[in-house]
$ cat coords35.pdb   # PDB, C-alpha atoms
ATOM      1  CA  MET F  86      -1.533 -29.851   2.713
ATOM      2  CA  ARG F  87       1.963 -31.133   1.924
ATOM      3  CA  ILE F  88       5.583 -30.045   1.664
ATOM      4  CA  VAL F  89       5.980 -29.333  -2.035
ATOM      5  CA  GLY F  90       9.767 -29.408  -2.526
ATOM      6  CA  GLY F  91      13.122 -30.451  -1.128
ATOM      7  CA  GLU F  92      14.082 -33.348   1.110
ATOM      8  CA  ASN F  93      10.616 -33.608   2.693
ATOM      9  CA  LYS F  94       8.662 -33.257  -0.555
ATOM     10  CA  GLY F  95       5.309 -35.021  -0.337
ATOM     11  CA  ARG F  96       5.112 -35.215   3.464
ATOM     12  CA  ALA F  97       1.562 -34.466   4.610
ATOM     13  CA  LEU F  98       1.247 -31.749   7.260
ATOM     14  CA  MET F  99      -1.307 -31.585  10.040
ATOM     15  CA  ALA F 100      -3.698 -28.621  10.131
ATOM     16  CA  PRO F 101      -5.567 -27.573  13.286
ATOM     17  CA  THR F 102      -9.321 -27.873  13.455
ATOM     18  CA  GLY F 103     -11.492 -24.782  13.201
ATOM     19  CA  GLU F 104     -11.154 -21.648  11.098
ATOM     20  CA  ARG F 105      -8.671 -19.582  13.119
ATOM     21  CA  THR F 106      -5.701 -20.847  11.102
ATOM     22  CA  ARG F 107      -5.572 -20.268   7.336
ATOM     23  CA  PRO F 108      -2.541 -22.108   5.924
ATOM     24  CA  THR F 109      -0.884 -20.843   2.762
ATOM     25  CA  SER F 110      -2.032 -23.142  -0.040
ATOM     26  CA  ASP F 111       0.348 -25.671  -1.565
ATOM     27  CA  ARG F 112       0.058 -23.883  -4.902
ATOM     28  CA  THR F 113       0.981 -20.502  -3.416
ATOM     29  CA  ARG F 114       3.886 -21.974  -1.455
ATOM     30  CA  GLN F 115       5.165 -23.676  -4.603
ATOM     31  CA  ALA F 116       5.025 -20.361  -6.477
ATOM     32  CA  ILE F 117       6.778 -18.475  -3.671
ATOM     33  CA  PHE F 118       9.650 -20.948  -3.411
ATOM     34  CA  ASP F 119      10.032 -21.305  -7.178
ATOM     35  CA  MET F 120      10.390 -17.536  -7.290
ATOM     36  CA  LEU F 121      12.904 -17.486  -4.423
ATOM     37  CA  ALA F 122      15.006 -20.205  -6.049
ATOM     38  CA  HIS F 123      15.172 -18.541  -9.466
ATOM     39  CA  ALA F 124      14.811 -14.786  -8.924
ATOM     40  CA  PRO F 125      17.865 -12.634  -9.764
ATOM     41  CA  TRP F 126      17.466 -10.921  -6.382
ATOM     42  CA  TYR F 127      17.611 -14.168  -4.345
ATOM     43  CA  GLY F 128      18.403 -17.721  -5.492
ATOM     44  CA  GLN F 129      18.916 -21.230  -4.143
ATOM     45  CA  GLU F 130      22.320 -20.458  -2.639
ATOM     46  CA  GLU F 131      20.926 -17.658  -0.499
ATOM     47  CA  LEU F 132      17.981 -19.836   0.553
ATOM     48  CA  GLU F 133      20.396 -22.532   1.721
ATOM     49  CA  GLN F 134      22.174 -19.980   3.932
ATOM     50  CA  ALA F 135      18.937 -18.581   5.350
ATOM     51  CA  ILE F 136      18.030 -18.218   8.996
ATOM     52  CA  VAL F 137      14.246 -18.236   8.781
ATOM     53  CA  LEU F 138      11.531 -16.627  10.860
ATOM     54  CA  ASP F 139       7.997 -17.904  10.244
ATOM     55  CA  GLY F 140       5.830 -15.283  11.944
ATOM     56  CA  TYR F 141       2.111 -15.962  12.492
ATOM     57  CA  ALA F 142       3.341 -19.483  11.775
ATOM     58  CA  GLY F 143       0.106 -21.468  12.047
ATOM     59  CA  THR F 144       1.009 -24.962  10.834
ATOM     60  CA  GLY F 145       4.589 -23.876  10.163
ATOM     61  CA  ALA F 146       4.274 -24.751   6.481
ATOM     62  CA  LEU F 147       6.331 -21.817   5.183
ATOM     63  CA  GLY F 148       9.223 -22.317   7.591
ATOM     64  CA  LEU F 149       9.146 -26.086   7.115
ATOM     65  CA  GLU F 150       9.170 -25.634   3.354
ATOM     66  CA  ALA F 151      12.270 -23.452   3.696
ATOM     67  CA  LEU F 152      13.981 -26.067   5.874
ATOM     68  CA  SER F 153      13.056 -28.816   3.418
ATOM     69  CA  ARG F 154      14.737 -26.788   0.679
ATOM     70  CA  GLY F 155      17.969 -26.351   2.609
ATOM     71  CA  ALA F 156      17.607 -23.369   4.968
ATOM     72  CA  GLN F 157      19.921 -23.530   7.980
ATOM     73  CA  ARG F 158      17.389 -23.195  10.809
ATOM     74  CA  ALA F 159      14.028 -21.619  11.602
ATOM     75  CA  ALA F 160      12.114 -19.938  14.396
ATOM     76  CA  PHE F 161       8.326 -20.174  14.496
ATOM     77  CA  ILE F 162       6.157 -17.626  16.315
ATOM     78  CA  GLU F 163       2.561 -18.644  17.043
ATOM     79  CA  ARG F 164       0.228 -18.105  19.994
ATOM     80  CA  ASP F 165      -2.911 -20.123  19.156
ATOM     81  CA  ARG F 166      -2.897 -23.364  21.165
ATOM     82  CA  ASN F 167      -4.403 -25.568  18.438
ATOM     83  CA  ALA F 168      -2.010 -24.175  15.845
ATOM     84  CA  LEU F 169       0.939 -24.759  18.180
ATOM     85  CA  ASN F 170      -0.057 -28.408  18.616
ATOM     86  CA  ALA F 171      -0.228 -28.856  14.844
ATOM     87  CA  LEU F 172       3.063 -26.999  14.370
ATOM     88  CA  ARG F 173       4.924 -29.212  16.830
ATOM     89  CA  THR F 174       3.479 -32.321  15.199
ATOM     90  CA  ASN F 175       4.623 -31.028  11.809
ATOM     91  CA  LEU F 176       8.149 -30.451  13.111
ATOM     92  CA  ASP F 177       8.212 -34.124  14.080
ATOM     93  CA  ILE F 178       6.749 -35.212  10.733
ATOM     94  CA  CYS F 179       9.538 -33.326   8.952
ATOM     95  CA  ARG F 180      12.230 -34.367  11.459
ATOM     96  CA  ALA F 181      13.030 -30.679  11.942
ATOM     97  CA  ARG F 182      13.124 -30.283  15.736
ATOM     98  CA  ASP F 183      16.916 -29.976  15.860
ATOM     99  CA  ARG F 184      16.876 -27.021  13.447
ATOM    100  CA  SER F 185      13.822 -25.283  14.878
ATOM    101  CA  ARG F 186      12.687 -23.114  17.751
ATOM    102  CA  VAL F 187       9.028 -22.543  18.626
ATOM    103  CA  LEU F 188       7.945 -19.410  20.498
ATOM    104  CA  SER F 189       4.455 -19.305  21.994
ATOM    105  CA  CYS F 190       3.816 -15.569  21.806
ATOM    106  CA  SER F 191       2.482 -12.827  19.565
ATOM    107  CA  VAL F 192       4.517 -11.470  16.643
ATOM    108  CA  THR F 193       3.486  -8.002  17.792
ATOM    109  CA  HIS F 194       4.987  -8.644  21.254
ATOM    110  CA  PRO F 195       8.029 -10.887  20.678
ATOM    111  CA  PRO F 196      10.942 -11.412  23.061
ATOM    112  CA  LYS F 197      14.403 -10.168  22.197
ATOM    113  CA  ALA F 198      15.832 -12.231  19.362
ATOM    114  CA  ALA F 199      18.680 -14.656  19.964
ATOM    115  CA  GLU F 200      19.981 -13.746  16.505
ATOM    116  CA  PRO F 201      18.831 -11.718  13.492
ATOM    117  CA  HIS F 202      16.983 -13.659  10.799
ATOM    118  CA  THR F 203      17.605 -13.342   7.078
ATOM    119  CA  LEU F 204      14.350 -14.685   5.584
ATOM    120  CA  ILE F 205      11.114 -13.467   7.174
ATOM    121  CA  PHE F 206       7.693 -14.952   6.382
ATOM    122  CA  LEU F 207       4.608 -13.121   7.654
ATOM    123  CA  ASP F 208       1.181 -14.616   6.930
ATOM    124  CA  PRO F 209      -1.222 -13.120   9.481
ATOM    125  CA  PRO F 210      -5.034 -13.000   9.471
ATOM    126  CA  TYR F 211      -6.116 -10.730   6.644
ATOM    127  CA  GLY F 212      -7.388  -7.189   7.077
ATOM    128  CA  LYS F 213      -5.874  -6.355  10.467
ATOM    129  CA  THR F 214      -2.642  -4.519   9.470
ATOM    130  CA  LEU F 215      -0.670  -7.214  11.295
ATOM    131  CA  VAL F 216       2.195  -7.238   8.785
ATOM    132  CA  GLU F 217       2.973  -3.614   9.609
ATOM    133  CA  SER F 218       2.616  -3.920  13.387
ATOM    134  CA  GLY F 219       4.466  -7.237  13.414
ATOM    135  CA  LEU F 220       7.425  -5.839  11.481
ATOM    136  CA  ARG F 221       7.728  -2.867  13.804
ATOM    137  CA  ALA F 222       7.802  -5.146  16.846
ATOM    138  CA  LEU F 223      10.258  -7.583  15.260
ATOM    139  CA  ALA F 224      12.581  -4.751  14.224
ATOM    140  CA  ARG F 225      12.569  -3.266  17.727
ATOM    141  CA  ASN F 226      13.554  -6.637  19.179
ATOM    142  CA  GLY F 227      16.385  -7.528  16.804
ATOM    143  CA  TRP F 228      14.715 -10.205  14.677
ATOM    144  CA  ILE F 229      15.386  -8.702  11.243
ATOM    145  CA  ALA F 230      18.898  -8.895   9.776
ATOM    146  CA  GLU F 231      20.334  -6.193   7.557
ATOM    147  CA  GLY F 232      19.359  -7.128   3.993
ATOM    148  CA  ALA F 233      16.769  -9.682   5.135
ATOM    149  CA  LEU F 234      14.204 -10.761   2.569
ATOM    150  CA  ILE F 235      10.641 -10.211   3.785
ATOM    151  CA  VAL F 236       7.779 -12.246   2.288
ATOM    152  CA  ALA F 237       4.341 -11.046   3.389
ATOM    153  CA  GLU F 238       0.961 -12.557   2.518
ATOM    154  CA  THR F 239      -2.089 -10.309   2.781
ATOM    155  CA  GLY F 240      -5.583 -10.302   1.313
ATOM    156  CA  ALA F 241      -5.605  -9.609  -2.426
ATOM    157  CA  THR F 242      -7.637  -6.429  -1.983
ATOM    158  CA  GLU F 243      -5.689  -5.057   0.992
ATOM    159  CA  ASP F 244      -3.992  -1.725   0.406
ATOM    160  CA  PHE F 245      -0.565  -2.702   1.618
ATOM    161  CA  ALA F 246       2.783  -1.097   0.781
ATOM    162  CA  PRO F 247       6.067  -2.603   1.960
ATOM    163  CA  PHE F 248       8.097  -0.391   4.227
ATOM    164  CA  VAL F 249      11.330  -0.253   6.155
ATOM    165  CA  PRO F 250      10.608  -1.016   9.826
ATOM    166  CA  PRO F 251      11.501   1.804  12.215
ATOM    167  CA  SER F 252      14.864   2.157  13.864
ATOM    168  CA  GLU F 253      16.985   4.922  15.295
ATOM    169  CA  HIS F 254      17.901   5.868  11.728
ATOM    170  CA  PHE F 255      14.571   6.527  10.049
ATOM    171  CA  SER F 256      10.822   7.018  10.161
ATOM    172  CA  PRO F 257       8.500   4.004  10.529
ATOM    173  CA  THR F 258       6.656   5.108   7.383
ATOM    174  CA  LEU F 259       9.635   5.108   5.013
ATOM    175  CA  PRO F 260       8.581   3.080   1.939
ATOM    176  CA  ALA F 261      10.592   0.164   0.584
ATOM    177  CA  GLU F 262      10.736  -0.827  -3.064
ATOM    178  CA  PRO F 263       8.967  -4.166  -3.612
ATOM    179  CA  LEU F 264      10.870  -6.841  -5.493
ATOM    180  CA  SER F 265       7.686  -8.698  -6.386
ATOM    181  CA  ILE F 266       3.933  -8.384  -5.876
ATOM    182  CA  ARG F 267       1.822 -11.335  -7.025
ATOM    183  CA  LYS F 268      -1.801 -12.300  -6.494
ATOM    184  CA  PHE F 269      -2.984 -15.866  -5.907
ATOM    185  CA  GLY F 270      -6.770 -15.941  -5.718
ATOM    186  CA  ALA F 271      -7.758 -14.246  -2.450
ATOM    187  CA  ALA F 272      -4.099 -13.764  -1.437
ATOM    188  CA  LYS F 273      -1.414 -11.254  -2.364
ATOM    189  CA  VAL F 274       2.284 -11.934  -1.754
ATOM    190  CA  THR F 275       4.646  -8.966  -1.470
ATOM    191  CA  ILE F 276       8.423  -9.418  -1.268
ATOM    192  CA  TRP F 277      11.048  -6.795  -0.423
ATOM    193  CA  ARG F 278      14.451  -6.296   1.206
ATOM    194  CA  HIS F 279      15.010  -4.767   4.611
ATOM    195  CA  SER F 280      17.728  -2.166   4.718
ATOM    196  CA  SER F 281      18.963   0.113   7.498
ATOM    197  CA  THR F 282      20.079   2.742   4.995
ATOM    198  CA  VAL F 283      17.783   5.296   3.447
ATOM    199  CA  PRO F 284      17.671   4.955  -0.377
TER
END
$ encode --input "coords35.pdb" --output "structure tokens"
Amino acid sequence: MRIVGGENKGRALMAPTGERTRPTSDRTRQAIFDMLAHAPWYGQEELEQAIVLDGYAGTGALGLEALSRGAQRAAFIERDRNALNALRTNLDICRARDRSRVLSCSVTHPPKAAEPHTLIFLDPPYGKTLVESGLRALARNGWIAEGALIVAETGATEDFAPFVPPSEHFSPTLPAEPLSIRKFGAAKVTIWRHSSTVP
């Protein structure tokens, strides 16, 4: 597993032992970031202004990839001890400590955010509806900026529809229009915008 683009391209990342952490493959990460860089609804300039949240971070590969490609700073949320050890090692490998914050907690029970984040990656264990519950918790605690781009990885066969997280303005089941849905083997990546206004 390596960083596939940007200033840290080629740097090998550490993965924890065991099967509790399932890192996004290099090929899938490459496809995600190629899409972000060239899509009409995002682009390299927006990526370079991004404040990133890597939820269910595992090794931190998604957030570190964003930093390598120019994102401003990143927060990583992870609670597994082995994954946290690998994540902190990977921050050192990529010389990213000064632009990063690591929170040892659950995405579904986060602390109040220090600031809203504009690019949200969620790659939880498959089949447990953790994208939905994580987004609700993050929204309640101020992690998601208005207009934030949300990139969620689920199992390819999971019946998942993007939605606008709940707030005082609307129902937690209000659907959001996906910008992209792509399958990569056993994985499915869904991308959409968060908005606090009802379409």
$ atom_distance --input "coords35.pdb" --atom1 "CA of Thr203 in chain F" --atom2 "CA of Asp111 in chain F"
22.9 Å
$ residues_around --input "coords35.pdb" --residues "Cys179 in chain F" --least-positions-apart "3" --cutoff "9 Å" --atoms "all atoms listed in the file" --output "PyMOL selection string"
chain F and resi 88+93+96+98+149+153+174-176+182
$ resolve_selection --input "coords35.pdb" --expression "the PyMOL selection byres ((chain F and resi 151) around 9)" --output "PyMOL selection string"
chain F and resi 90-91+118+132-133+135+137+146-150+152-159
$ resolve_selection --input "coords35.pdb" --expression "the PyMOL selection byres ((chain F and resi 142) around 7)" --output "PDB file with C-alpha atoms, in the coordinates of the input"
ATOM      1  CA  ASP F 139       7.997 -17.904  10.244  1.00  0.00           C
ATOM      2  CA  GLY F 140       5.830 -15.283  11.944  1.00  0.00           C
ATOM      3  CA  TYR F 141       2.111 -15.962  12.492  1.00  0.00           C
ATOM      4  CA  GLY F 143       0.106 -21.468  12.047  1.00  0.00           C
ATOM      5  CA  THR F 144       1.009 -24.962  10.834  1.00  0.00           C
ATOM      6  CA  GLY F 145       4.589 -23.876  10.163  1.00  0.00           C
ATOM      7  CA  PHE F 161       8.326 -20.174  14.496  1.00  0.00           C
ATOM      8  CA  ILE F 162       6.157 -17.626  16.315  1.00  0.00           C
ATOM      9  CA  GLU F 163       2.561 -18.644  17.043  1.00  0.00           C
TER      10      GLU F 163
END
$ resolve_selection --input "coords35.pdb" --expression "the PyMOL selection byres ((chain F and resi 235-240) around 7)" --output "short mmCIF file (atom, residue, chain, number, x, y, z; two decimals) with C-alpha atoms, in the frame of the given file"
data_model
loop_
_atom_site.label_atom_id
_atom_site.label_comp_id
_atom_site.auth_asym_id
_atom_site.auth_seq_id
_atom_site.Cartn_x
_atom_site.Cartn_y
_atom_site.Cartn_z
CA LEU F 204 14.35 -14.68 5.58
CA ILE F 205 11.11 -13.47 7.17
CA PHE F 206 7.69 -14.95 6.38
CA LEU F 207 4.61 -13.12 7.65
CA ASP F 208 1.18 -14.62 6.93
CA TYR F 211 -6.12 -10.73 6.64
CA GLY F 212 -7.39 -7.19 7.08
CA VAL F 216 2.19 -7.24 8.78
CA ALA F 233 16.77 -9.68 5.14
CA LEU F 234 14.20 -10.76 2.57
CA ALA F 241 -5.60 -9.61 -2.43
CA THR F 242 -7.64 -6.43 -1.98
CA GLU F 243 -5.69 -5.06 0.99
CA ALA F 271 -7.76 -14.25 -2.45
CA ALA F 272 -4.10 -13.76 -1.44
CA LYS F 273 -1.41 -11.25 -2.36
CA VAL F 274 2.28 -11.93 -1.75
CA THR F 275 4.65 -8.97 -1.47
CA ILE F 276 8.42 -9.42 -1.27
CA TRP F 277 11.05 -6.80 -0.42
CA ARG F 278 14.45 -6.30 1.21
#
$ residues_around --input "coords35.pdb" --residues "His202 in chain F" --least-positions-apart "3" --cutoff "6 Å" --atoms "all atoms listed in the file" --output "short mmCIF file (atom, residue, chain, number, x, y, z; two decimals) with C-alpha atoms, keeping the file's coordinate frame"
data_model
loop_
_atom_site.label_atom_id
_atom_site.label_comp_id
_atom_site.auth_asym_id
_atom_site.auth_seq_id
_atom_site.Cartn_x
_atom_site.Cartn_y
_atom_site.Cartn_z
CA ILE F 136 18.03 -18.22 9.00
CA VAL F 137 14.25 -18.24 8.78
CA TRP F 228 14.72 -10.20 14.68
CA ILE F 229 15.39 -8.70 11.24
CA ALA F 230 18.90 -8.90 9.78
#
$ residues_around --input "coords35.pdb" --residues "Ala160 in chain F" --least-positions-apart "4" --cutoff "6 Å" --atoms "all atoms listed in the file" --output "PyMOL selection string"
chain F and resi 138+185-187
$ write_last_selection --input "coords35.pdb" --atoms "C-alpha atoms" --output "PDB file, keeping the file's coordinate frame"
ATOM      1  CA  LEU F 138      11.531 -16.627  10.860  1.00  0.00           C
ATOM      2  CA  SER F 185      13.822 -25.283  14.878  1.00  0.00           C
ATOM      3  CA  ARG F 186      12.687 -23.114  17.751  1.00  0.00           C
ATOM      4  CA  VAL F 187       9.028 -22.543  18.626  1.00  0.00           C
TER       5      VAL F 187
END
$ atom_distance --input "coords35.pdb" --atom1 "CA of Gly227 in chain F" --atom2 "CA of Arg267 in chain F"
28.2 Å
$ atom_distance --input "coords35.pdb" --atom1 "CA of Val192 in chain F" --atom2 "CA of Asn167 in chain F"
16.8 Å
$ axis_aligned_box --input "coords35.pdb" --around "range 186-204 of chain F" --padding-each-side "3 Å" --output "JSON"
{"center_x": 11.2, "center_y": -15.6, "center_z": 14.3, "size_x": 23.5, "size_y": 21.1, "size_z": 23.5}
$ closest_residue --input "coords35.pdb" --among "F:Ser189, F:Met120, F:His194, F:Gly232" --to "Leu215 in chain F" --atoms "all atoms listed in the file"
F:His194
$ closest_residue --input "coords35.pdb" --among "F:Ala97, F:Ala198, F:Leu172, F:Leu264" --to "Ala124 in chain F" --atoms "all atoms listed in the file"
F:Leu264
$ residues_near_point --input "coords35.pdb" --point "(-2.2, -19.2, -5.0)" --cutoff "9 Å" --atoms "all atoms listed in the file" --output "ChimeraX atom specification"
/F:109-116,268-273
$ closest_residue --input "coords35.pdb" --among "F:Gly95, F:Thr193, F:Glu200, F:Ile117" --to "Leu223 in chain F" --atoms "all atoms listed in the file"
F:Thr193
